[in-house]
Every structure is written in C-alpha cells, then in structure tokens.
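Undergrad: Okay, so here is work15.cif, and as you'll see once you scroll down, it has mmCIF, C-alpha atoms.
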```cif
data_input
#
loop_
_atom_site.label_atom_id
_atom_site.label_comp_id
_atom_site.auth_asym_id
_atom_site.auth_seq_id
_atom_site.Cartn_x
_atom_site.Cartn_y
_atom_site.Cartn_z
CA MET A 1 1.44 9.50 -10.04
CA LEU A 2 4.74 7.62 -10.19
CA ARG A 3 4.61 4.22 -11.84
CA LYS A 4 5.10 1.85 -8.90
CA ASP A 5 5.05 -1.87 -8.22
CA ILE A 6 3.34 -2.87 -4.98
CA HIS A 7 5.77 -5.78 -4.61
CA GLU A 8 8.75 -3.44 -4.30
CA SER A 9 9.81 -1.78 -1.03
CA TYR A 10 9.64 1.98 -0.56
CA ASP A 11 10.72 4.32 2.17
CA PHE A 12 7.10 5.46 2.62
CA PHE A 13 5.12 2.30 1.84
CA GLU A 14 5.11 -1.45 2.34
CA TYR A 15 2.74 -4.20 1.20
CA THR A 16 2.57 -7.70 2.60
CA ILE A 17 0.21 -10.68 2.71
CA ALA A 18 -0.84 -12.33 5.96
CA ASN A 19 -0.11 -16.03 5.46
CA GLY A 20 -1.19 -17.61 8.72
CA THR A 21 0.93 -15.17 10.72
CA VAL A 22 0.58 -11.40 10.78
CA PRO A 23 3.65 -9.15 10.80
CA ALA A 24 4.23 -7.74 14.26
CA PRO A 25 3.40 -4.10 14.97
CA SER A 26 6.37 -1.81 14.51
CA VAL A 27 7.19 1.66 15.77
CA GLY A 28 6.72 4.16 12.98
CA VAL A 29 4.55 1.86 10.89
CA VAL A 30 0.90 2.84 10.33
CA ASP A 31 -0.92 -0.40 9.48
CA ILE A 32 -3.93 -0.69 7.18
CA ALA A 33 -5.86 -3.96 6.85
CA LEU A 34 -7.04 -4.99 3.39
CA LEU A 35 -9.94 -7.46 3.60
CA ASP A 36 -9.52 -9.60 0.47
CA MET A 37 -12.87 -11.13 -0.57
CA HIS A 38 -11.76 -12.59 -3.91
CA HIS A 39 -11.26 -16.21 -2.74
CA GLY A 40 -8.33 -16.52 -5.15
CA TRP A 41 -10.41 -15.33 -8.14
CA PRO A 42 -8.29 -13.47 -10.77
CA ASN A 43 -9.04 -9.75 -10.51
CA VAL A 44 -7.66 -6.23 -10.80
CA GLY A 45 -9.60 -4.84 -7.83
CA HIS A 46 -7.33 -6.03 -5.00
CA ASP A 47 -4.12 -4.60 -6.42
CA SER A 48 -5.93 -1.46 -7.58
CA LEU A 49 -6.94 -0.79 -3.98
CA VAL A 50 -3.36 -1.34 -2.83
CA HIS A 51 -2.18 1.12 -5.49
CA ALA A 52 -4.82 3.65 -4.40
CA ILE A 53 -3.56 3.46 -0.80
CA MET A 54 0.04 3.68 -2.02
CA ASP A 55 -0.78 6.84 -3.97
CA VAL A 56 -2.26 8.36 -0.81
CA ALA A 57 0.84 7.32 1.16
CA GLU A 58 3.04 8.95 -1.46
CA GLU A 59 1.23 12.24 -0.90
CA ALA A 60 2.44 12.04 2.73
CA ARG A 61 5.90 10.85 1.75
CA GLU A 62 7.90 13.78 3.14
CA THR A 63 6.03 13.68 6.45
CA LEU A 64 6.61 9.93 6.72
CA ARG A 65 10.29 10.16 5.77
CA SER A 66 10.97 12.92 8.29
CA ALA A 67 9.50 10.69 11.01
CA ASP A 68 11.29 7.56 9.72
CA ALA A 69 7.85 6.03 9.21
CA LYS A 70 5.78 4.32 6.54
CA ILE A 71 2.31 3.09 5.64
CA ARG A 72 1.98 -0.70 5.59
CA VAL A 73 -0.90 -2.55 3.92
CA ILE A 74 -1.48 -6.08 5.20
CA SER A 75 -3.79 -8.19 3.03
CA PHE A 76 -6.01 -10.78 4.74
CA ASP A 77 -7.55 -13.58 2.64
CA VAL A 78 -10.88 -13.58 4.47
CA ARG A 79 -12.88 -16.07 2.40
CA GLY A 80 -10.11 -18.37 1.17
CA LYS A 81 -8.12 -18.75 4.39
CA ASN A 82 -10.53 -17.50 7.08
CA LEU A 83 -8.12 -14.72 8.04
CA VAL A 84 -9.85 -11.84 9.81
CA PRO A 85 -7.80 -9.15 11.58
CA GLU A 86 -8.52 -7.84 15.06
CA CYS A 87 -9.87 -4.42 15.93
CA ASP A 88 -7.60 -3.62 18.86
CA GLY A 89 -6.33 -0.18 17.92
CA ARG A 90 -3.55 -1.41 15.63
CA PHE A 91 -5.26 -0.76 12.30
CA ALA A 92 -6.28 2.79 11.53
CA LEU A 93 -8.25 1.76 8.47
CA TYR A 94 -9.87 -1.38 7.07
CA VAL A 95 -10.56 -1.60 3.33
CA GLY A 96 -12.84 -4.32 1.93
CA THR A 97 -12.49 -5.52 -1.67
CA GLY A 98 -14.95 -6.79 -4.22
CA GLY A 99 -15.22 -10.46 -5.05
CA PRO A 100 -17.12 -13.19 -6.87
CA GLY A 101 -20.14 -15.27 -5.97
CA HIS A 102 -23.21 -14.98 -3.77
CA LEU A 103 -23.11 -12.62 -0.81
CA ASP A 104 -24.23 -15.49 1.43
CA PRO A 105 -21.28 -17.91 1.36
CA ARG A 106 -23.62 -20.84 2.04
CA GLN A 107 -25.04 -20.35 -1.46
CA ASN A 108 -21.70 -20.75 -3.25
CA ASP A 109 -21.72 -24.35 -4.44
CA GLY A 110 -19.36 -23.86 -7.36
CA ILE A 111 -22.11 -24.94 -9.77
CA SER A 112 -24.80 -22.27 -9.70
CA GLN A 113 -24.14 -19.52 -12.20
CA PHE A 114 -24.12 -16.85 -9.50
CA SER A 115 -21.40 -18.67 -7.55
CA GLN A 116 -19.01 -17.97 -10.46
CA GLY A 117 -17.12 -21.19 -9.81
CA ILE A 118 -16.57 -20.39 -6.14
CA ARG A 119 -17.18 -23.28 -3.72
CA GLU A 120 -17.32 -22.28 -0.07
CA ASN A 121 -17.62 -25.38 2.09
CA ASP A 122 -18.68 -23.40 5.11
CA ALA A 123 -19.20 -19.85 6.33
CA ALA A 124 -16.61 -19.99 9.12
CA TRP A 125 -15.23 -16.55 8.21
CA GLU A 126 -18.58 -14.76 8.29
CA ALA A 127 -19.14 -14.55 12.06
CA PRO A 128 -15.58 -13.26 12.79
CA LEU A 129 -15.97 -10.71 9.98
CA PHE A 130 -19.29 -9.46 11.35
CA ARG A 131 -17.73 -9.24 14.83
CA LEU A 132 -14.95 -7.15 13.27
CA PHE A 133 -17.58 -4.83 11.78
CA ASP A 134 -19.21 -4.55 15.24
CA ALA A 135 -15.86 -3.66 16.79
CA ILE A 136 -15.05 -1.03 14.15
CA LEU A 137 -18.46 0.55 14.69
CA ALA A 138 -17.73 0.75 18.43
CA ARG A 139 -14.30 2.39 18.01
CA PRO A 140 -14.25 6.08 16.96
CA ASP A 141 -10.57 5.72 15.99
CA ALA A 142 -11.22 2.95 13.44
CA ALA A 143 -12.56 3.35 9.89
CA LEU A 144 -13.90 0.98 7.23
CA VAL A 145 -14.27 1.60 3.50
CA SER A 146 -15.82 -1.23 1.45
CA VAL A 147 -16.51 -1.78 -2.25
CA CYS A 148 -18.83 -4.12 -4.13
CA HIS A 149 -18.81 -7.60 -2.47
CA SER A 150 -17.69 -6.12 0.86
CA PHE A 151 -20.48 -3.54 0.52
CA GLY A 152 -22.96 -6.40 0.16
CA LEU A 153 -21.58 -8.06 3.28
CA MET A 154 -21.95 -4.77 5.16
CA CYS A 155 -25.60 -4.67 4.04
CA ARG A 156 -26.17 -8.21 5.31
CA TRP A 157 -24.40 -7.42 8.60
CA SER A 158 -26.30 -4.19 9.20
CA GLY A 159 -29.60 -5.51 7.84
CA VAL A 160 -30.34 -2.40 5.76
CA ALA A 161 -30.59 -4.18 2.38
CA ASP A 162 -31.07 -7.67 0.99
CA PRO A 163 -29.22 -9.25 -1.96
CA VAL A 164 -31.36 -10.02 -5.02
CA LEU A 165 -29.95 -11.67 -8.14
CA ARG A 166 -30.31 -9.43 -11.18
CA GLN A 167 -31.91 -10.74 -14.36
CA GLU A 168 -28.95 -9.33 -16.22
CA LYS A 169 -25.48 -8.48 -14.94
CA SER A 170 -24.81 -4.78 -14.42
CA SER A 171 -21.61 -3.68 -16.13
CA GLY A 172 -20.08 -0.63 -17.76
CA VAL A 173 -20.57 2.91 -16.42
CA PRO A 174 -24.24 3.32 -15.43
CA LEU A 175 -25.77 6.23 -13.53
CA ASN A 176 -26.31 6.37 -9.78
CA THR A 177 -28.32 9.03 -7.93
CA LEU A 178 -27.36 10.78 -4.70
CA SER A 179 -30.06 10.89 -2.04
CA GLU A 180 -31.33 14.11 -0.50
CA THR A 181 -29.22 13.34 2.57
CA ALA A 182 -26.07 12.91 0.46
CA ALA A 183 -26.72 16.22 -1.33
CA HIS A 184 -26.44 18.00 2.06
CA HIS A 185 -23.76 15.74 3.55
CA PRO A 186 -20.58 17.46 4.88
CA TRP A 187 -18.47 15.45 2.41
CA PHE A 188 -20.75 14.30 -0.39
CA SER A 189 -22.32 17.74 -0.85
CA GLN A 190 -18.92 18.74 -2.29
CA PHE A 191 -19.29 15.88 -4.76
CA ALA A 192 -22.84 16.98 -5.61
CA ARG A 193 -21.72 20.49 -6.45
CA LYS A 194 -19.35 19.12 -9.10
CA LEU A 195 -22.06 17.10 -10.87
CA PRO A 196 -23.95 18.70 -13.78
CA ASP A 197 -27.33 18.34 -12.05
CA GLN A 198 -25.93 17.91 -8.49
CA ARG A 199 -27.42 14.41 -8.19
CA HIS A 200 -26.41 11.93 -10.93
CA PHE A 201 -22.94 10.39 -11.24
CA ARG A 202 -21.27 7.64 -13.24
CA VAL A 203 -19.83 4.51 -11.63
CA VAL A 204 -17.71 1.61 -12.89
CA ASP A 205 -20.02 -1.35 -12.38
CA ASN A 206 -19.63 -5.11 -12.58
CA ARG A 207 -22.08 -7.02 -10.39
CA LEU A 208 -24.66 -9.79 -10.35
CA PHE A 209 -26.65 -8.68 -7.30
CA ASP A 210 -28.72 -5.68 -6.33
CA LEU A 211 -28.90 -4.74 -2.66
CA ILE A 212 -32.57 -3.90 -2.22
CA ALA A 213 -33.13 -1.42 0.60
CA ASN A 214 -35.62 -2.41 3.29
CA ASP A 215 -37.48 -0.45 5.97
CA THR A 216 -34.36 -0.10 8.14
CA CYS A 217 -32.53 1.83 5.40
CA SER A 218 -33.04 5.32 6.81
CA ASP A 219 -32.29 8.58 5.01
CA GLU A 220 -29.28 9.12 7.29
CA VAL A 221 -27.74 5.78 6.22
CA CYS A 222 -28.66 5.34 2.55
CA LEU A 223 -26.77 7.84 0.37
CA SER A 224 -27.26 6.72 -3.23
CA PHE A 225 -29.29 4.38 -5.42
CA GLU A 226 -29.18 2.93 -8.90
CA THR A 227 -30.87 5.48 -11.15
CA GLU A 228 -32.90 2.93 -13.12
CA ASN A 229 -33.94 1.03 -10.00
CA ARG A 230 -34.42 3.34 -7.04
CA GLY A 231 -34.81 0.39 -4.69
CA ALA A 232 -31.23 -0.76 -5.33
CA LEU A 233 -28.95 0.78 -2.71
CA THR A 234 -25.49 1.73 -3.99
CA MET A 235 -23.90 3.69 -1.11
CA LEU A 236 -24.36 3.68 2.64
CA GLU A 237 -22.74 5.36 5.63
CA LEU A 238 -22.99 3.66 9.02
CA ALA A 239 -20.72 5.97 11.02
CA ARG A 240 -19.22 9.43 10.58
CA ASP A 241 -16.19 11.18 12.03
CA SER A 242 -17.75 13.79 14.29
CA ALA A 243 -14.92 16.30 13.94
CA SER A 244 -14.58 16.36 10.15
CA GLY A 245 -17.90 15.02 8.87
CA MET A 246 -16.01 12.43 6.80
CA PRO A 247 -17.64 8.97 6.57
CA ARG A 248 -16.02 6.56 9.05
CA ILE A 249 -17.85 3.43 7.89
CA LEU A 250 -18.64 3.70 4.18
CA GLY A 251 -19.73 1.14 1.61
CA VAL A 252 -20.24 1.54 -2.14
CA ASN A 253 -21.70 -0.96 -4.60
CA HIS A 254 -19.40 -0.12 -7.48
CA HIS A 255 -15.66 -0.15 -8.26
CA PRO A 256 -14.09 3.24 -7.46
CA GLU A 257 -10.68 1.53 -7.31
CA ILE A 258 -10.91 1.33 -11.12
CA ILE A 259 -9.92 4.98 -11.42
CA ASP A 260 -8.62 5.60 -14.93
CA ARG A 261 -6.61 3.95 -17.67
CA GLU A 262 -3.27 4.90 -16.17
CA HIS A 263 -4.02 3.27 -12.82
CA VAL A 264 -5.58 0.12 -14.25
CA LEU A 265 -2.99 -0.43 -16.98
CA ALA A 266 -0.24 -0.12 -14.35
CA VAL A 267 -1.93 -2.86 -12.30
CA LEU A 268 -2.42 -5.07 -15.36
CA ASP A 269 1.20 -4.64 -16.47
CA GLU A 270 2.38 -5.50 -12.98
CA LYS A 271 0.27 -8.66 -12.81
CA GLN A 272 1.53 -9.79 -16.21
CA HIS A 273 5.13 -9.06 -15.18
CA HIS A 274 4.76 -11.25 -12.10
CA HIS A 275 3.05 -14.02 -14.13
CA THR A 276 -0.03 -14.08 -11.89
CA VAL A 277 -2.46 -14.03 -14.84
CA THR A 278 -2.59 -15.53 -18.32
CA ASP A 279 -1.80 -13.51 -21.44
CA ALA A 280 -5.41 -13.93 -22.61
CA TRP A 281 -6.75 -12.58 -19.30
CA TYR A 282 -4.36 -9.63 -19.53
CA GLU A 283 -5.16 -8.77 -23.16
CA GLU A 284 -8.93 -8.93 -22.60
CA ARG A 285 -8.78 -6.43 -19.75
CA VAL A 286 -6.37 -4.11 -21.53
CA ARG A 287 -8.81 -3.90 -24.45
CA MET A 288 -11.73 -3.35 -22.07
CA MET A 289 -9.98 -0.50 -20.25
CA ARG A 290 -9.05 1.22 -23.51
CA ASP A 291 -12.63 0.96 -24.74
CA LEU A 292 -14.26 1.90 -21.42
CA PHE A 293 -12.24 4.95 -20.42
CA GLN A 294 -12.75 7.54 -23.11
CA GLY A 295 -12.90 11.31 -22.61
CA GLU A 296 -15.80 12.39 -20.39
CA THR A 297 -16.35 8.85 -19.09
CA GLU A 298 -12.81 8.74 -17.72
CA ARG A 299 -13.20 12.20 -16.15
CA GLN A 300 -16.44 11.20 -14.45
CA SER A 301 -14.92 7.94 -13.24
CA ARG A 302 -12.04 9.81 -11.61
CA LEU A 303 -14.44 12.24 -9.94
CA THR A 304 -16.51 9.38 -8.52
CA SER A 305 -13.35 7.63 -7.32
CA GLU A 306 -12.14 10.78 -5.57
CA TYR A 307 -15.31 11.23 -3.53
CA THR A 308 -16.34 7.63 -2.90
CA LEU A 309 -12.90 6.11 -2.22
CA LEU A 310 -9.73 8.22 -2.43
CA GLY A 311 -10.92 11.16 -0.33
CA PRO A 312 -12.13 9.02 2.60
CA ILE A 313 -8.98 6.86 2.47
CA ARG A 314 -6.78 9.97 2.33
CA HIS A 315 -8.55 11.49 5.33
CA HIS A 316 -8.22 8.41 7.54
CA VAL A 317 -4.61 7.76 6.53
CA GLN A 318 -3.62 11.36 7.23
CA ARG A 319 -5.46 11.26 10.55
CA ALA A 320 -3.65 8.09 11.56
CA VAL A 321 -0.27 9.49 10.54
CA ALA A 322 -0.88 12.66 12.56
CA GLU A 323 -2.11 10.79 15.63
CA ARG A 324 0.37 7.94 15.68
CA LEU A 325 3.51 9.78 14.70
CA GLN A 326 3.13 12.83 16.93
CA PRO A 327 6.00 13.20 19.42
CA VAL A 328 5.39 12.03 22.97
CA ALA A 329 5.31 14.96 25.39
#
```
Now, as a test, write the supplied structure out as structure tokens.

TA:
Amino acid sequence: MLRKDIHESYDFFEYTIANGTVPAPSVGVVDIALLDMHHGWPNVGHDSLVHAIMDVAEEARETLRSADAKIRVISFDVRGKNLVPECDGRFALYVGTGGPGHLDPRQNDGISQFSQGIRENDAAWEAPLFRLFDAILARPDAALVSVCHSFGLMCRWSGVADPVLRQEKSSGVPLNTLSETAAHHPWFSQFARKLPDQRHFRVVDNRLFDLIANDTCSDEVCLSFETENRGALTMLELARDSASGMPRILGVNHHPEIIDREHVLAVLDEKQHHHTVTDAWYEERVRMMRDLFQGETERQSRLTSEYTLLGPIRHHVQRAVAERLQPVA
C-alpha cells in the first residue's frame, strides 16, 4: 500500500464532499457514494473507508489509466446536512459509515448518555435514506455495504433486528460466530475455511447497542452473531449478486475499515496534518492502535476486513469499472 492522502488528486482516484451541490457526472468517472453518519463527530472511520476504497482503486490503476478514467468517492453528510444521494444508475456502490448516538434519531437529545452529545432536532433524513435503501434493493446494478451505525439503520429499515442499549459498551476485538448459512455461503465459506474452527472470527468493536434479531431474521439473511450473545446480530445480507454470489447489500456491526496499524496510523497522521483533530485526540488513538494491533490480533483483524469489507468493495468496484468503461460497439 502506498502512503496516500485522500485530499490529494490522483490519476486513478478522486475524493470530494457534497456541500449542497453534487459534482456532475463525468465521462470516465466511476462514482461511489459514501453515506457519512457521523454528524460531525470526530472519528477515524470515515477517512478509513475512503482509504479502503482508494486502495481498491489503486489495484485497478493501470486499467483506469489506460481508459483515462478514475474512481471518485463523493461523501454525503446524511445526518448533519440531510444529504442523501439518488439511486438512478449513477452510483455503482454506496458505502455507509459508523457514527455516534441512538439508531433512532428521535432519541438523540444531546443529553442522554447514549446520544453521545449528538442532538438531532428532527429525523428529516431518515425517510429519504430508507427510500434510497428501497431503491438499491430494487436495482441489480447497485450495491450497498454498511458498517456499525449504518448497519443498525439497515436493521431498522428492513425490520430484521431491534436496537437494544447494552449494559456495558462493547469494545476491543471480541469474537463473532458465523451462522450455518454463512459457512456454506459462496463468499463467506471462503472466510470460514481460513478460520481455525471455521466459525469464530475476531472483529474490531466499538458500540453501545446490540441489534437483537427478531422472527423476521431468517437463516438466509442473518450471517453472524455475537459469540457471547447469540441473539445479537452482527452481519446480514439482504441481496446477492446472482452471477458471482457476492453480497450486494451487506451490513456488519463492527469496524472492518479499521484494518491494521499501517492503515489507521496513516489516517491519523493525515487528520493531524490537516488540523482536523486535537493533539490529545490524535495521541490517544495512536496509543490505542499500537496497543490493540499486536501479532495474531492484527492478522485476524486484516482477515475479517478482507472478507467483510474489502472483498465486497473490490468486487463491486471492479464490476462497475468493467461495465462502465467498456467500449461502445
């Protein structure tokens, strides 16, 4: 991996923020929509996801350069600015971030401990977001990959699980367990075969809420659970690419964008360089990353990231590049 800054321009990649207006579509540009759920909360997750997509784009660099094309990530501040992109064929992939607060925006009063200081005066963004999810589900050429807070919103939209505040915050690298369905899944069975017992895997976790599966959470949809609490859903698939077997709508209740020390420290250094965080915030997270990612833990984290984030993103980006950049007959 080259050490890259997402704020710089590259011949294979571009990153921009939608501020009221969205950059116009452009020939040779494959657009990806990043659904930012952080509501302005300081974090490493947003930029880590951008870096993950940039790494995937770099793998296709020669193909993109030969076609005078690039991957462009456009970030939409969903909760803070009520910016929700369309699903009209422009975006090949939508990626939802984590974020703070209750999964029902009406509960975020800025005072309750679970709101984490977030005050949402209304839920105006929720209905357009759920309509976007409906539209993605209806389009075989669109894909959605969501982590943590976005995963919880997918659960609320689909109705397969309900948010329940934990007695104690889940953090660190706990175990999750693949379901029987996941163990025989066209994609996740490959993951299972690389696990010591073909079922249990480590995740980077940092969350206040469990998503408790209900009766609508079928075996075909629910792919993994928290090992210590088998009612807590941690991965679901709501649509699959029929040709490849790759998940088309996937949500995970952990942070696979936190891949390894190299990735995270690059993001932290970048944020400090651009003065978007305080020195204390930066130092705390640098220490945490150095303590968290040690030996086997770092190896397992990278393996989880590959199968629950990077692989699906890579597949849908490569598909979009092949489809959208093929010469017209």

Undergrad: With all atoms listed in the file as the basis for distance, which of A:Tyr10, A:Cys155, A:Leu175, A:Thr181 is at the shortest distance from Leu195 (chain A)?

TA: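 Once distances to Leu195 (chain A) are computed over all atoms listed in the file, the minimum belongs to A:Leu175.
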
Undergrad: Using Å and a single decimal, report how far CA of Asp88 (chain A) sits from CA of Ser26 (chain A).

TA: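 If I compute the distance from CA of Ser26 (chain A) to CA of Asp88 (chain A), I get 14.7 Å.
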
Undergrad: Step by step, work through what the PyMOL selection byres ((chain A and resi 189) around 12) selects in the shown file, and finish by giving those residues as a ChimeraX atom specification.

TA: /A:178-188,190-195,198-199,223,245-246,307-308

Undergrad: With distances taken over all atoms listed in the file, which of A:Asp260, A:Glu220, A:Glu228, A:Glu270 is nearest to Met289 (chain A)?

TA: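 Using all atoms listed in the file, the shortest distance to Met289 (chain A) belongs to A:Asp260.
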
Undergrad: What would the list of residues within 9 Å of (-5.8, -1.6, -9.1) (file frame) look like as a list in words, if all atoms listed in the file are what count?

TA: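 Within 9 Å of (-5.8, -1.6, -9.1), the protein and nucleic acid residues are Asn43, Val44, Gly45, His46, Asp47, Ser48, Leu49, Val50, His51, Ala52, Glu257, Ile258, Ile259, His263, Val264, Leu265, Ala266, Val267 and Leu268 of chain A.
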
Undergrad: Just the number, please: distance in Å from CA of His102 (chain A) to CA of Leu129 (chain A), one decimal.

TA: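 So the two atoms, CA of His102 (chain A) and CA of Leu129 (chain A), lie 16.1 Å apart.
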
Undergrad: Can you list, as a list of chain:residue names, every protein, DNA or RNA residue that comes within 7 Å of region 59-70 of chain A when you count all atoms listed in the file, leaving out same-chain residues fewer than 6 positions away?

TA: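 Contacts, in chain order: A:Asp11, A:Phe12, A:Phe13, A:Gly28, A:Val29, A:Val30.
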
Undergrad: Report, in Å with one decimal, the straight-line distance from CA of Asp210 (chain A) to CA of Cys87 (chain A).

TA: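 So the two atoms, CA of Asp210 (chain A) and CA of Cys87 (chain A), lie 29.2 Å apart.
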
Undergrad: With distances taken over all atoms listed in the file, which residue among A:Gly117, A:Gly40, A:Pro247, A:Pro128 lies nearest Trp157 (chain A)?

TA: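 Ranked by minimum distance to Trp157 (chain A), first place goes to A:Pro128.
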
Undergrad: For the point (-15.5, -7.7, 12.1) in the file's frame, write as a PyMOL selection string all residues with an atom no more than 12 Å away, counting all atoms listed in the file.

TA: chain A and resi 33+35+78+83-88+94-96+125-139+142-144+150+153-154+157-158

Undergrad: Restricting the calculation to only C-alpha atoms, which member of A:Arg207, A:Arg248, A:His316, A:Arg202 is positioned closest to Thr297 (chain A)?

TA: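 The shortest atom-to-atom distance to Thr297 (chain A) comes from A:Arg202.
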
Undergrad: Find the residue from A:Thr177, A:Gln272, A:Asn82, A:Asn206 that sits nearest to Phe225 (chain A); use only C-alpha atoms when measuring.

TA: A:Thr177

Undergrad: Starting from the incomplete input, reconstruct N, CA and C atoms of region 41-68 of chain A and report them as a short mmCIF file (atom, residue, chain, number, x, y, z; two decimals), in the frame of the given file.

TA:
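The file below, part.cif, is the result:
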```
data_model
loop_
_atom_site.label_atom_id
_atom_site.label_comp_id
_atom_site.auth_asym_id
_atom_site.auth_seq_id
_atom_site.Cartn_x
_atom_site.Cartn_y
_atom_site.Cartn_z
N TRP A 41 -9.88 -15.62 -6.79
CA TRP A 41 -10.41 -15.33 -8.14
C TRP A 41 -9.54 -14.28 -8.82
N PRO A 42 -9.11 -14.48 -10.08
CA PRO A 42 -8.29 -13.47 -10.77
C PRO A 42 -9.05 -12.14 -10.86
N ASN A 43 -8.36 -11.05 -10.57
CA ASN A 43 -9.04 -9.75 -10.51
C ASN A 43 -8.01 -8.63 -10.60
N VAL A 44 -8.50 -7.42 -10.86
CA VAL A 44 -7.66 -6.23 -10.80
C VAL A 44 -7.99 -5.37 -9.58
N GLY A 45 -9.11 -5.68 -8.91
CA GLY A 45 -9.60 -4.84 -7.83
C GLY A 45 -8.69 -4.80 -6.62
N HIS A 46 -8.18 -5.97 -6.20
CA HIS A 46 -7.33 -6.03 -5.00
C HIS A 46 -6.10 -5.15 -5.16
N ASP A 47 -5.35 -5.37 -6.24
CA ASP A 47 -4.12 -4.60 -6.42
C ASP A 47 -4.40 -3.14 -6.73
N SER A 48 -5.55 -2.86 -7.34
CA SER A 48 -5.93 -1.46 -7.58
C SER A 48 -6.16 -0.73 -6.27
N LEU A 49 -6.75 -1.41 -5.29
CA LEU A 49 -6.94 -0.79 -3.98
C LEU A 49 -5.60 -0.56 -3.28
N VAL A 50 -4.69 -1.53 -3.41
CA VAL A 50 -3.36 -1.34 -2.83
C VAL A 50 -2.67 -0.14 -3.48
N HIS A 51 -2.77 -0.02 -4.80
CA HIS A 51 -2.18 1.12 -5.49
C HIS A 51 -2.82 2.44 -5.05
N ALA A 52 -4.14 2.43 -4.84
CA ALA A 52 -4.82 3.65 -4.40
C ALA A 52 -4.28 4.09 -3.03
N ILE A 53 -4.10 3.13 -2.12
CA ILE A 53 -3.56 3.46 -0.80
C ILE A 53 -2.11 3.92 -0.92
N MET A 54 -1.35 3.28 -1.81
CA MET A 54 0.04 3.68 -2.02
C MET A 54 0.14 5.10 -2.55
N ASP A 55 -0.77 5.47 -3.46
CA ASP A 55 -0.78 6.84 -3.97
C ASP A 55 -1.04 7.84 -2.85
N VAL A 56 -1.97 7.50 -1.94
CA VAL A 56 -2.26 8.36 -0.81
C VAL A 56 -1.04 8.45 0.10
N ALA A 57 -0.37 7.32 0.32
CA ALA A 57 0.84 7.32 1.16
C ALA A 57 1.93 8.18 0.54
N GLU A 58 2.01 8.15 -0.80
CA GLU A 58 3.04 8.95 -1.46
C GLU A 58 2.80 10.44 -1.26
N GLU A 59 1.54 10.84 -1.16
CA GLU A 59 1.23 12.24 -0.90
C GLU A 59 1.80 12.69 0.45
N ALA A 60 1.90 11.73 1.40
CA ALA A 60 2.44 12.04 2.73
C ALA A 60 3.89 11.62 2.87
N ARG A 61 4.56 11.42 1.74
CA ARG A 61 5.90 10.85 1.75
C ARG A 61 6.89 11.66 2.59
N GLU A 62 6.92 12.96 2.41
CA GLU A 62 7.90 13.78 3.14
C GLU A 62 7.64 13.74 4.64
N THR A 63 6.36 13.78 5.03
CA THR A 63 6.03 13.68 6.45
C THR A 63 6.48 12.34 7.02
N LEU A 64 6.23 11.28 6.27
CA LEU A 64 6.61 9.93 6.72
C LEU A 64 8.13 9.80 6.79
N ARG A 65 8.83 10.28 5.79
CA ARG A 65 10.29 10.16 5.77
C ARG A 65 10.93 10.94 6.91
N SER A 66 10.39 12.11 7.21
CA SER A 66 10.97 12.92 8.29
C SER A 66 10.78 12.26 9.65
N ALA A 67 9.76 11.41 9.75
CA ALA A 67 9.50 10.69 11.01
C ALA A 67 10.03 9.27 10.98
N ASP A 68 10.78 8.91 9.90
CA ASP A 68 11.29 7.56 9.72
C ASP A 68 10.14 6.55 9.84
#
```
